[in-house]
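Pasting entry-v2.txt here (compact mmCIF, C-alpha atoms and all ligand atoms):
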```txt
# COMPACT_ATOMS: atom_id res chain seq x y z
CA MET A 1 -15.08 -16.17 -6.19
CA ASP A 2 -13.15 -16.43 -2.97
CA TYR A 3 -13.53 -13.38 -0.79
CA PHE A 4 -12.20 -12.82 2.73
CA MET A 5 -11.70 -9.52 4.57
CA PRO A 6 -12.11 -9.82 8.34
CA THR A 7 -11.09 -6.27 9.34
CA ARG A 8 -13.63 -4.07 11.12
CA LEU A 9 -13.24 -0.78 9.26
CA TYR A 10 -14.43 2.59 10.53
CA THR A 11 -14.06 5.74 8.47
CA GLY A 12 -15.18 9.31 8.99
CA GLU A 13 -14.42 12.25 11.22
CA GLY A 14 -13.62 11.31 14.81
CA CYS A 15 -13.95 7.57 14.15
CA ILE A 16 -11.18 6.62 16.63
CA ALA A 17 -12.81 8.39 19.57
CA LYS A 18 -16.23 7.03 18.60
CA HIS A 19 -15.16 3.40 18.42
CA VAL A 20 -12.19 3.04 20.77
CA ALA A 21 -14.26 0.85 23.08
CA ASP A 22 -14.02 -1.87 20.42
CA LEU A 23 -10.31 -2.16 21.20
CA ARG A 24 -10.76 -3.11 24.84
CA VAL A 25 -11.30 -6.74 23.89
CA LEU A 26 -7.81 -6.75 22.37
CA GLY A 27 -6.16 -5.84 25.68
CA ASP A 28 -5.13 -2.84 27.73
CA ARG A 29 -1.47 -2.53 26.68
CA CYS A 30 -0.53 -1.42 23.18
CA VAL A 31 2.56 -0.35 21.28
CA ALA A 32 2.03 2.19 18.50
CA VAL A 33 4.28 1.84 15.44
CA THR A 34 4.88 5.08 13.56
CA SER A 35 7.40 7.15 11.66
CA ARG A 36 9.04 10.11 13.34
CA HIS A 37 6.82 12.92 12.02
CA ALA A 38 3.68 12.08 10.02
CA ALA A 39 1.67 10.40 12.76
CA LYS A 40 2.19 13.41 15.00
CA ALA A 41 1.83 16.09 12.31
CA SER A 42 -1.41 14.62 10.96
CA GLY A 43 -3.07 14.68 14.38
CA ALA A 44 -3.61 10.92 14.29
CA LEU A 45 -1.20 10.10 17.12
CA ASP A 46 -2.77 12.73 19.37
CA ASP A 47 -6.23 11.31 18.67
CA VAL A 48 -5.01 7.77 19.43
CA GLU A 49 -3.29 8.86 22.66
CA ARG A 50 -6.39 10.73 23.84
CA ALA A 51 -8.84 7.97 22.95
CA PHE A 52 -6.67 5.19 24.42
CA ALA A 53 -6.20 7.13 27.67
CA GLU A 54 -9.95 7.52 27.98
CA ALA A 55 -10.45 3.82 27.30
CA GLY A 56 -7.79 2.83 29.86
CA ILE A 57 -5.37 1.41 27.28
CA ALA A 58 -1.68 1.98 28.13
CA LEU A 59 0.28 3.12 25.08
CA ASP A 60 4.01 3.06 24.29
CA VAL A 61 5.20 4.56 21.01
CA TRP A 62 7.93 3.10 18.75
CA ASP A 63 8.55 5.81 16.17
CA GLY A 64 11.45 4.35 14.20
CA VAL A 65 9.64 3.47 10.95
CA THR A 66 11.38 4.78 7.83
CA GLU A 67 10.22 4.69 4.21
CA ASN A 68 10.43 1.18 2.73
CA PRO A 69 10.90 -0.25 6.23
CA PRO A 70 13.52 -2.97 6.67
CA VAL A 71 12.49 -6.27 8.27
CA SER A 72 15.30 -5.76 10.82
CA ALA A 73 13.62 -2.59 12.16
CA CYS A 74 10.32 -4.46 12.50
CA ALA A 75 12.12 -7.17 14.49
CA GLU A 76 13.59 -4.51 16.76
CA ALA A 77 10.16 -2.94 17.29
CA GLY A 78 8.73 -6.40 17.92
CA ARG A 79 11.23 -6.97 20.74
CA PHE A 80 10.35 -3.52 22.13
CA ALA A 81 6.66 -4.50 22.13
CA ALA A 82 7.38 -7.91 23.70
CA GLU A 83 9.44 -6.30 26.49
CA ARG A 84 6.52 -4.02 27.27
CA ASN A 85 4.09 -6.94 27.24
CA ALA A 86 2.02 -5.31 24.53
CA GLN A 87 -1.21 -7.15 23.86
CA PHE A 88 -1.80 -5.51 20.52
CA ILE A 89 -0.02 -3.30 17.97
CA CYS A 90 -1.34 -0.06 16.50
CA GLY A 91 0.22 1.12 13.23
CA ILE A 92 -0.32 4.82 12.49
CA GLY A 93 0.66 6.45 9.21
CA GLY A 94 0.96 5.73 5.50
CA GLY A 95 1.92 2.47 3.86
CA SER A 96 5.30 2.15 5.54
CA PRO A 97 4.14 2.30 9.19
CA LEU A 98 1.04 0.21 8.45
CA ASP A 99 3.01 -2.52 6.67
CA ALA A 100 5.67 -2.37 9.39
CA ALA A 101 3.04 -2.71 12.12
CA LYS A 102 1.85 -5.99 10.61
CA ALA A 103 5.39 -7.39 10.79
CA VAL A 104 5.91 -5.96 14.29
CA ALA A 105 2.83 -7.91 15.40
CA VAL A 106 4.52 -11.08 14.12
CA PHE A 107 7.86 -10.33 15.80
CA ALA A 108 6.24 -9.23 19.08
CA ALA A 109 4.64 -12.66 19.36
CA ASN A 110 7.81 -14.41 18.12
CA PRO A 111 10.73 -12.28 19.41
CA THR A 112 13.42 -14.81 18.45
CA LEU A 113 12.24 -15.14 14.83
CA ASP A 114 14.88 -14.27 12.20
CA GLU A 115 14.32 -12.70 8.78
CA GLU A 116 14.24 -16.04 6.98
CA GLY A 117 11.68 -17.39 9.43
CA PHE A 118 9.60 -14.29 8.93
CA TYR A 119 9.47 -14.70 5.13
CA ASP A 120 8.96 -18.49 5.47
CA LYS A 121 6.01 -17.72 7.76
CA ALA A 122 7.48 -20.13 10.32
CA TRP A 123 5.63 -18.23 13.02
CA GLU A 124 5.19 -20.42 16.09
CA CYS A 125 2.76 -18.00 17.74
CA GLU A 126 -0.06 -16.09 16.10
CA PRO A 127 0.77 -12.40 15.50
CA LEU A 128 -0.59 -10.00 18.10
CA PRO A 129 -3.88 -8.35 17.09
CA ILE A 130 -3.32 -5.38 14.77
CA VAL A 131 -5.03 -1.98 14.73
CA LEU A 132 -4.29 0.37 11.83
CA VAL A 133 -4.84 4.11 11.49
CA GLY A 134 -4.30 5.42 7.97
CA THR A 135 -2.97 8.93 7.31
CA THR A 136 -2.50 8.81 3.52
CA ALA A 137 -4.84 8.00 0.64
CA GLY A 138 -2.92 5.44 -1.32
CA THR A 139 -1.79 2.24 0.26
CA GLY A 140 -5.08 0.62 1.20
CA SER A 141 -2.95 -1.34 3.67
CA GLU A 142 -5.64 -0.72 6.30
CA VAL A 143 -7.73 -3.47 4.72
CA THR A 144 -5.12 -5.79 3.20
CA LYS A 145 -3.27 -8.88 4.33
CA VAL A 146 -0.16 -7.56 2.61
CA SER A 147 3.05 -6.20 4.10
CA VAL A 148 5.79 -4.90 1.82
CA LEU A 149 9.17 -4.67 3.53
CA THR A 150 12.82 -4.37 2.57
CA ASP A 151 15.06 -7.38 3.21
CA ALA A 152 18.70 -7.51 4.34
CA ALA A 153 19.81 -7.35 0.68
CA ALA A 154 17.85 -4.07 0.25
CA ARG A 155 15.19 -5.76 -1.91
CA LYS A 156 11.47 -5.10 -1.47
CA HIS A 157 9.23 -8.14 -1.03
CA SER A 158 5.54 -8.42 -0.33
CA ILE A 159 4.28 -11.00 2.09
CA HIS A 160 0.60 -12.02 2.01
CA ASP A 161 -1.03 -13.82 4.90
CA ASP A 162 -4.52 -13.88 6.40
CA ARG A 163 -2.95 -13.47 9.84
CA LEU A 164 -1.79 -9.98 8.81
CA PHE A 165 -5.29 -8.55 8.51
CA ALA A 166 -5.97 -5.85 11.08
CA ALA A 167 -8.60 -6.55 13.69
CA VAL A 168 -9.75 -2.94 13.44
CA ALA A 169 -8.80 -0.16 11.01
CA PHE A 170 -9.60 3.54 11.26
CA GLY A 171 -9.68 5.94 8.34
CA ASP A 172 -10.29 9.58 9.15
CA SER A 173 -9.46 11.42 5.93
CA ARG A 174 -8.81 14.68 7.85
CA TYR A 175 -5.37 13.21 8.57
CA THR A 176 -4.53 13.28 4.87
CA HIS A 177 -4.79 17.10 4.81
CA THR A 178 -1.24 17.37 6.09
CA CYS A 179 0.16 15.34 3.17
CA SER A 180 2.39 17.44 0.91
CA ARG A 181 1.43 17.71 -2.76
CA PRO A 182 4.06 15.14 -3.89
CA VAL A 183 2.85 12.71 -1.22
CA THR A 184 -0.79 13.23 -2.25
CA LEU A 185 0.12 12.64 -5.88
CA SER A 186 2.38 9.66 -5.31
CA CYS A 187 -0.14 7.99 -3.02
CA GLY A 188 -2.94 8.91 -5.41
CA VAL A 189 -1.31 7.25 -8.40
CA ASP A 190 -0.65 4.23 -6.17
CA VAL A 191 -4.46 3.97 -5.87
CA LEU A 192 -4.74 4.03 -9.67
CA ALA A 193 -1.99 1.42 -9.89
CA HIS A 194 -3.63 -0.90 -7.35
CA ALA A 195 -7.02 -0.69 -9.00
CA THR A 196 -5.78 -0.93 -12.59
CA GLU A 197 -3.34 -3.76 -11.92
CA SER A 198 -6.04 -5.57 -9.96
CA TYR A 199 -8.49 -5.32 -12.86
CA PHE A 200 -5.89 -6.73 -15.26
CA SER A 201 -4.74 -9.44 -12.87
CA ARG A 202 -5.33 -13.05 -13.88
CA LYS A 203 -6.99 -13.49 -10.47
CA ALA A 204 -9.58 -10.75 -10.97
CA ASP A 205 -13.20 -11.69 -10.34
CA GLU A 206 -16.54 -9.87 -10.19
CA ILE A 207 -15.98 -8.61 -6.63
CA SER A 208 -12.42 -7.40 -7.17
CA ARG A 209 -13.39 -5.72 -10.46
CA ALA A 210 -16.26 -3.90 -8.75
CA PHE A 211 -13.86 -2.54 -6.11
CA ALA A 212 -11.22 -1.67 -8.70
CA THR A 213 -13.42 0.24 -11.10
CA ARG A 214 -15.18 2.14 -8.31
CA ALA A 215 -11.78 3.07 -6.86
CA ILE A 216 -10.70 4.59 -10.17
CA ARG A 217 -13.98 6.46 -10.65
CA LEU A 218 -13.61 7.99 -7.17
CA ALA A 219 -9.90 8.77 -7.50
CA MET A 220 -9.84 10.46 -10.90
CA ASP A 221 -11.41 13.86 -10.12
CA PRO A 222 -9.56 14.65 -6.88
CA LEU A 223 -6.33 13.42 -8.38
CA ALA A 224 -6.78 15.60 -11.47
CA ALA A 225 -7.37 18.58 -9.18
CA ALA A 226 -4.24 17.78 -7.15
CA ALA A 227 -2.22 17.43 -10.36
CA GLU A 228 -3.35 20.93 -11.36
CA GLY A 229 -1.95 22.22 -8.07
CA LYS A 230 -5.34 22.82 -6.42
CA GLU A 231 -5.81 22.34 -2.68
CA LEU A 232 -8.20 19.46 -2.04
CA ASP A 233 -11.22 20.13 0.14
CA ASP A 234 -12.69 17.75 2.75
CA GLY A 235 -14.97 16.09 0.21
CA GLN A 236 -12.17 15.45 -2.26
CA ARG A 237 -9.83 14.16 0.46
CA SER A 238 -12.53 11.83 1.70
CA GLN A 239 -13.29 10.62 -1.83
CA LEU A 240 -9.62 9.87 -2.51
CA TYR A 241 -9.33 8.07 0.81
CA ASP A 242 -12.37 5.91 0.04
CA ALA A 243 -10.78 5.11 -3.32
CA SER A 244 -7.60 3.94 -1.59
CA ILE A 245 -9.61 1.59 0.63
CA LEU A 246 -11.42 0.16 -2.40
CA GLY A 247 -8.07 -0.31 -4.15
CA GLY A 248 -6.83 -2.25 -1.12
CA LEU A 249 -9.93 -4.44 -1.16
CA ALA A 250 -9.33 -5.15 -4.85
CA ILE A 251 -5.69 -6.23 -4.47
CA ASN A 252 -6.51 -8.48 -1.53
CA THR A 253 -8.06 -10.84 -4.04
CA THR A 254 -5.76 -10.29 -6.97
CA GLY A 255 -2.36 -9.00 -5.87
CA THR A 256 -0.61 -6.56 -8.19
CA CYS A 257 0.98 -6.94 -11.65
CA PHE A 258 4.29 -6.05 -13.25
CA PRO A 259 4.16 -2.25 -12.73
CA HIS A 260 4.40 -2.75 -8.97
CA ASN A 261 7.26 -5.19 -9.18
CA VAL A 262 9.25 -3.23 -11.73
CA GLY A 263 8.48 -0.14 -9.66
CA TYR A 264 10.26 -1.74 -6.68
CA TYR A 265 13.44 -1.58 -8.76
CA LEU A 266 13.13 2.21 -9.15
CA THR A 267 12.48 2.62 -5.43
CA GLU A 268 15.38 0.39 -4.37
CA ASN A 269 17.95 1.82 -6.78
CA TYR A 270 16.81 5.39 -7.41
CA GLY A 271 14.82 6.23 -4.28
CA VAL A 272 11.64 6.94 -6.27
CA ALA A 273 8.50 7.21 -4.10
CA HIS A 274 6.48 4.00 -4.30
CA GLY A 275 3.41 5.34 -6.11
CA PHE A 276 5.39 7.27 -8.70
CA ALA A 277 7.64 4.24 -9.26
CA CYS A 278 4.72 1.89 -9.97
CA ALA A 279 2.66 4.37 -12.01
CA THR A 280 5.63 4.95 -14.33
CA PHE A 281 4.91 1.53 -15.82
CA LEU A 282 1.10 1.70 -15.87
CA PRO A 283 0.75 3.16 -19.39
CA ALA A 284 2.89 0.32 -20.76
CA MET A 285 0.70 -2.21 -18.97
CA LEU A 286 -2.45 -0.61 -20.39
CA ASP A 287 -0.90 -0.94 -23.82
CA CYS A 288 -0.09 -4.64 -23.55
CA VAL A 289 -3.32 -5.72 -21.84
CA ARG A 290 -5.29 -4.03 -24.64
CA ASP A 291 -3.28 -5.88 -27.25
CA TYR A 292 -3.82 -9.14 -25.37
CA ASP A 293 -7.61 -8.84 -24.95
CA ALA A 294 -9.22 -5.78 -26.52
CA ALA A 295 -12.75 -6.70 -25.37
CA TYR A 296 -11.66 -7.05 -21.73
CA ALA A 297 -9.86 -3.69 -21.90
CA ALA A 298 -12.91 -2.07 -23.53
CA ALA A 299 -15.08 -3.30 -20.65
CA PHE A 300 -12.61 -1.73 -18.22
CA TYR A 301 -12.81 1.71 -19.85
CA SER A 302 -16.56 1.50 -20.05
CA GLU A 303 -16.75 0.65 -16.32
CA ILE A 304 -14.43 3.46 -15.23
CA GLY A 305 -16.20 5.95 -17.52
CA ALA A 306 -13.00 7.15 -19.19
CA ASP A 307 -10.93 6.16 -22.18
CA GLU A 308 -7.31 5.02 -22.26
CA GLY A 309 -6.02 8.46 -23.26
CA THR A 310 -7.81 10.12 -20.34
CA LEU A 311 -6.39 7.64 -17.84
CA THR A 312 -2.83 7.75 -19.17
CA GLY A 313 -3.09 11.56 -19.42
CA LEU A 314 -4.01 11.74 -15.74
CA ILE A 315 -1.14 9.44 -14.79
CA GLY A 316 1.26 11.60 -16.82
CA ALA A 317 -0.03 14.79 -15.17
CA CYS A 318 0.65 13.32 -11.72
CA LEU A 319 4.13 11.95 -12.43
CA PRO A 320 7.20 14.13 -11.92
CA ASP A 321 10.17 13.95 -14.24
CA LEU A 322 12.20 11.19 -12.59
CA GLY A 323 15.39 12.19 -14.38
CA ILE A 324 16.61 8.58 -14.41
CA ARG A 325 19.17 7.34 -16.90
CA MET A 326 20.19 3.66 -17.11
CA THR A 327 22.75 1.81 -19.18
CA THR A 328 21.80 -1.26 -21.20
CA ASP A 329 24.28 -3.24 -19.06
CA GLU A 330 22.47 -2.21 -15.89
CA ILE A 331 19.13 -3.26 -17.33
CA GLU A 332 20.56 -6.58 -18.50
CA ALA A 333 21.92 -7.24 -15.00
CA ALA A 334 18.53 -6.52 -13.42
CA LEU A 335 16.46 -8.74 -15.73
CA PRO A 336 16.83 -12.07 -13.86
CA ARG A 337 14.74 -10.70 -10.99
CA TRP A 338 11.71 -10.72 -13.30
CA GLU A 339 12.31 -14.23 -14.65
CA GLY A 340 9.31 -16.28 -13.48
CA ASN A 341 8.21 -13.42 -11.21
CA GLY A 342 4.71 -13.84 -9.76
CA SER A 343 3.59 -10.25 -10.42
CA VAL A 344 4.74 -10.44 -14.03
CA LYS A 345 2.92 -13.75 -14.55
CA ASN A 346 -0.15 -12.29 -12.81
CA THR A 347 -0.55 -9.70 -15.57
CA ARG A 348 -3.37 -10.54 -17.99
CA ALA A 349 -1.06 -10.41 -21.02
CA ASP A 350 2.04 -12.20 -22.25
CA VAL A 351 4.91 -10.29 -20.65
CA SER A 352 8.43 -11.63 -21.04
CA THR A 353 11.65 -10.37 -19.48
CA GLY A 354 12.52 -9.23 -23.01
CA ASP A 355 9.45 -6.98 -22.90
CA ILE A 356 10.62 -5.54 -19.58
CA ARG A 357 14.06 -4.91 -21.09
CA GLU A 358 12.44 -3.02 -23.98
CA LEU A 359 10.26 -1.06 -21.61
CA LEU A 360 13.14 0.02 -19.38
CA GLU A 361 15.26 0.91 -22.40
CA SER A 362 12.47 2.98 -23.94
CA LEU A 363 12.00 4.95 -20.72
CA PHE A 364 15.50 5.32 -19.33
CA VAL A 365 18.27 4.72 -21.90
FE FE K 1 1.27 0.10 -4.07
```
Mind converting the file's structure to structure tokens?
Amino acid sequence: MDYFMPTRLYTGEGCIAKHVADLRVLGDRCVAVTSRHAAKASGALDDVERAFAEAGIALDVWDGVTENPPVSACAEAGRFAAERNAQFICGIGGGSPLDAAKAVAVFAANPTLDEEGFYDKAWECEPLPIVLVGTTAGTGSEVTKVSVLTDAAARKHSIHDDRLFAAVAFGDSRYTHTCSRPVTLSCGVDVLAHATESYFSRKADEISRAFATRAIRLAMDPLAAAAEGKELDDGQRSQLYDASILGGLAINTTGTCFPHNVGYYLTENYGVAHGFACATFLPAMLDCVRDYDAAYAAAFYSEIGADEGTLTGLIGACLPDLGIRMTTDEIEAALPRWEGNGSVKNTRADVSTGDIRELLESLFV
């Protein structure tokens, strides 16, 4: 085993106000990185502004994060932070703002870095310290070293680096109450995808499997309730949020498998929300990992306390009808992106690009 997670994580009601003093060691000037609405609507930005003011931390807000944030926007925010002499960066929101904040911390410390240098990790200076405040139950980005951004060619790439771990992360699940039902469901199935893909990763170990299976156990009931259209109460929101953190801890060790990478294609080309895009391919992954190693799959179902039909049924109940139609020519043209792809090879099964062709054709042609 090889486990590393250096982020100080606080969860629970009012955790920012309770622990803001921890941030003083990071500096007294911060730039918050958020999207236009969610950070404000969830109450998280107000809580950060209040707590930082009380702690004597000056705060500027850069609220230009969009879904599937482009690297270029992170570079722009990085220059904004550098001009304001920010000493640390605070990402507030769901996966997009949190992943963007990690890149902004890199660009703020290296304002002349270009996109190639960013992906090559040719970072002369260490990224600024990062603080993350989660407002959705899905990404787990609060506790990961992963940032998924969109490049100049409109392709999504994940970058993994120990320097992208937050110094401090806050998770107050009250913020997730303002998530719409589609956001709750899409983020919720992202939790299932992280945990399931992690379990069936070739890099899985005892620690990552413990996180992954616990994440699924915690996520299933609240997610089933959300899929039935029920409003989630505080306990269910908190349980789903905890599951998202555990999913993040699992993928830190293992990364994700082919559903995430093939899901990027649906997001890039059809605008499908990240969680829905990835979960679309989870049932197919469950099918091929069972064929590859039935005993390993049986251990998985025993550990999550549910059978394959129950898990795929839950995924199906959460997924909307995507209404996507593809031509065989389009699929053929897309296939090279999965040739030798790390996430495909990471799957604990033999998955060829021919298998991905068949999968896409079965779902969308
Ligand atoms: Fe994800």
Compile the contact shell of Glu231 of chain A as number ranges by chain: residues with an atom at most 9 Å away, counting all atoms listed in the file, same-chain residues fewer than 3 positions apart removed. A: 181, 225-226
Nearby polymer residues, ligand FE 1 (chain K), at most 7 Å, only C-alpha atoms and all ligand atoms, as a tab-separated table (two decimals) with C-alpha atoms, in the coordinates of the input:
```
chain	number	residue	atom	x	y	z
A	139	THR	CA	-1.79	2.24	0.26
A	190	ASP	CA	-0.65	4.23	-6.17
A	193	ALA	CA	-1.99	1.42	-9.89
A	194	HIS	CA	-3.63	-0.90	-7.35
A	260	HIS	CA	4.40	-2.75	-8.97
A	274	HIS	CA	6.48	4.00	-4.30
A	275	GLY	CA	3.41	5.34	-6.11
```
Contact residues around segment 206-209 of chain A with all atoms listed in the file at 8 Å, ignoring same-chain residues under 2 positions, as a list of chain:residue names: A:Met1, A:Tyr3, A:Ser198, A:Tyr199, A:Ala204, A:Phe211, A:Ala212, A:Thr213, A:Leu249, A:Ala250, A:Ile251, A:Thr253, A:Thr254
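For the atom pair formed by atom CA of Asp291 of chain A and atom CA of Phe276 of chain A, the distance is 24.3 Å, given to one decimal.
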Nearest-residue call for Trp338 of chain A, choices A:Leu322, A:Ala277, A:Leu26, A:Ile356, using only C-alpha atoms: A:Ile356
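The space separating atom CA of Pro259 of chain A from atom CA of Lys230 of chain A comes to 27.5 Å.
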With all atoms listed in the file as the atoms that count, which of A:Ala77, A:Val189, A:Val262, A:Ala333 lies nearest to Val106 of chain A? A:Ala77
Could you give me, as an MDAnalysis selection string, the residues within 10 Å of Leu360 of chain A, counting only C-alpha atoms and dropping anything in the same chain fewer than 3 positions from it? chainID A and resid 262 281 325:328 331:332 354:357 363:365
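For the atom pair formed by atom CA of Asp205 of chain A and atom CA of Leu311 of chain A, the distance is 21.8 Å, given to one decimal.
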Leaving out segment 147-162 of chain A and any residue of its chain fewer than 4 positions from it, which residues lie within 10 Å of it when counting only C-alpha atoms, given as a ChimeraX atom specification? /A:4-6,67-74,95-103,115-116,118-121,141,166,252,255,261,264-265,267-269
Point out the residue among A:Val33, A:Ala108, A:Leu232, A:Ala294 with the least atom-to-atom distance to Pro127 of chain A, counting all atoms listed in the file. A:Ala108
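Residues in contact with Met220 of chain A at 9 Å, where all atoms listed in the file are counted and same-chain residues fewer than 3 positions away are skipped, are listed as Gly188, Leu192, Ala215, Ile216, Arg217, Leu223, Ala224, Ala225, Leu240, Leu311 and Leu314 of chain A.
Each of A:Ala219, A:Ala86, A:Val272, A:Ala105 was checked against Arg237 of chain A using only C-alpha atoms; the smallest atom-to-atom distance is that of A:Ala219.
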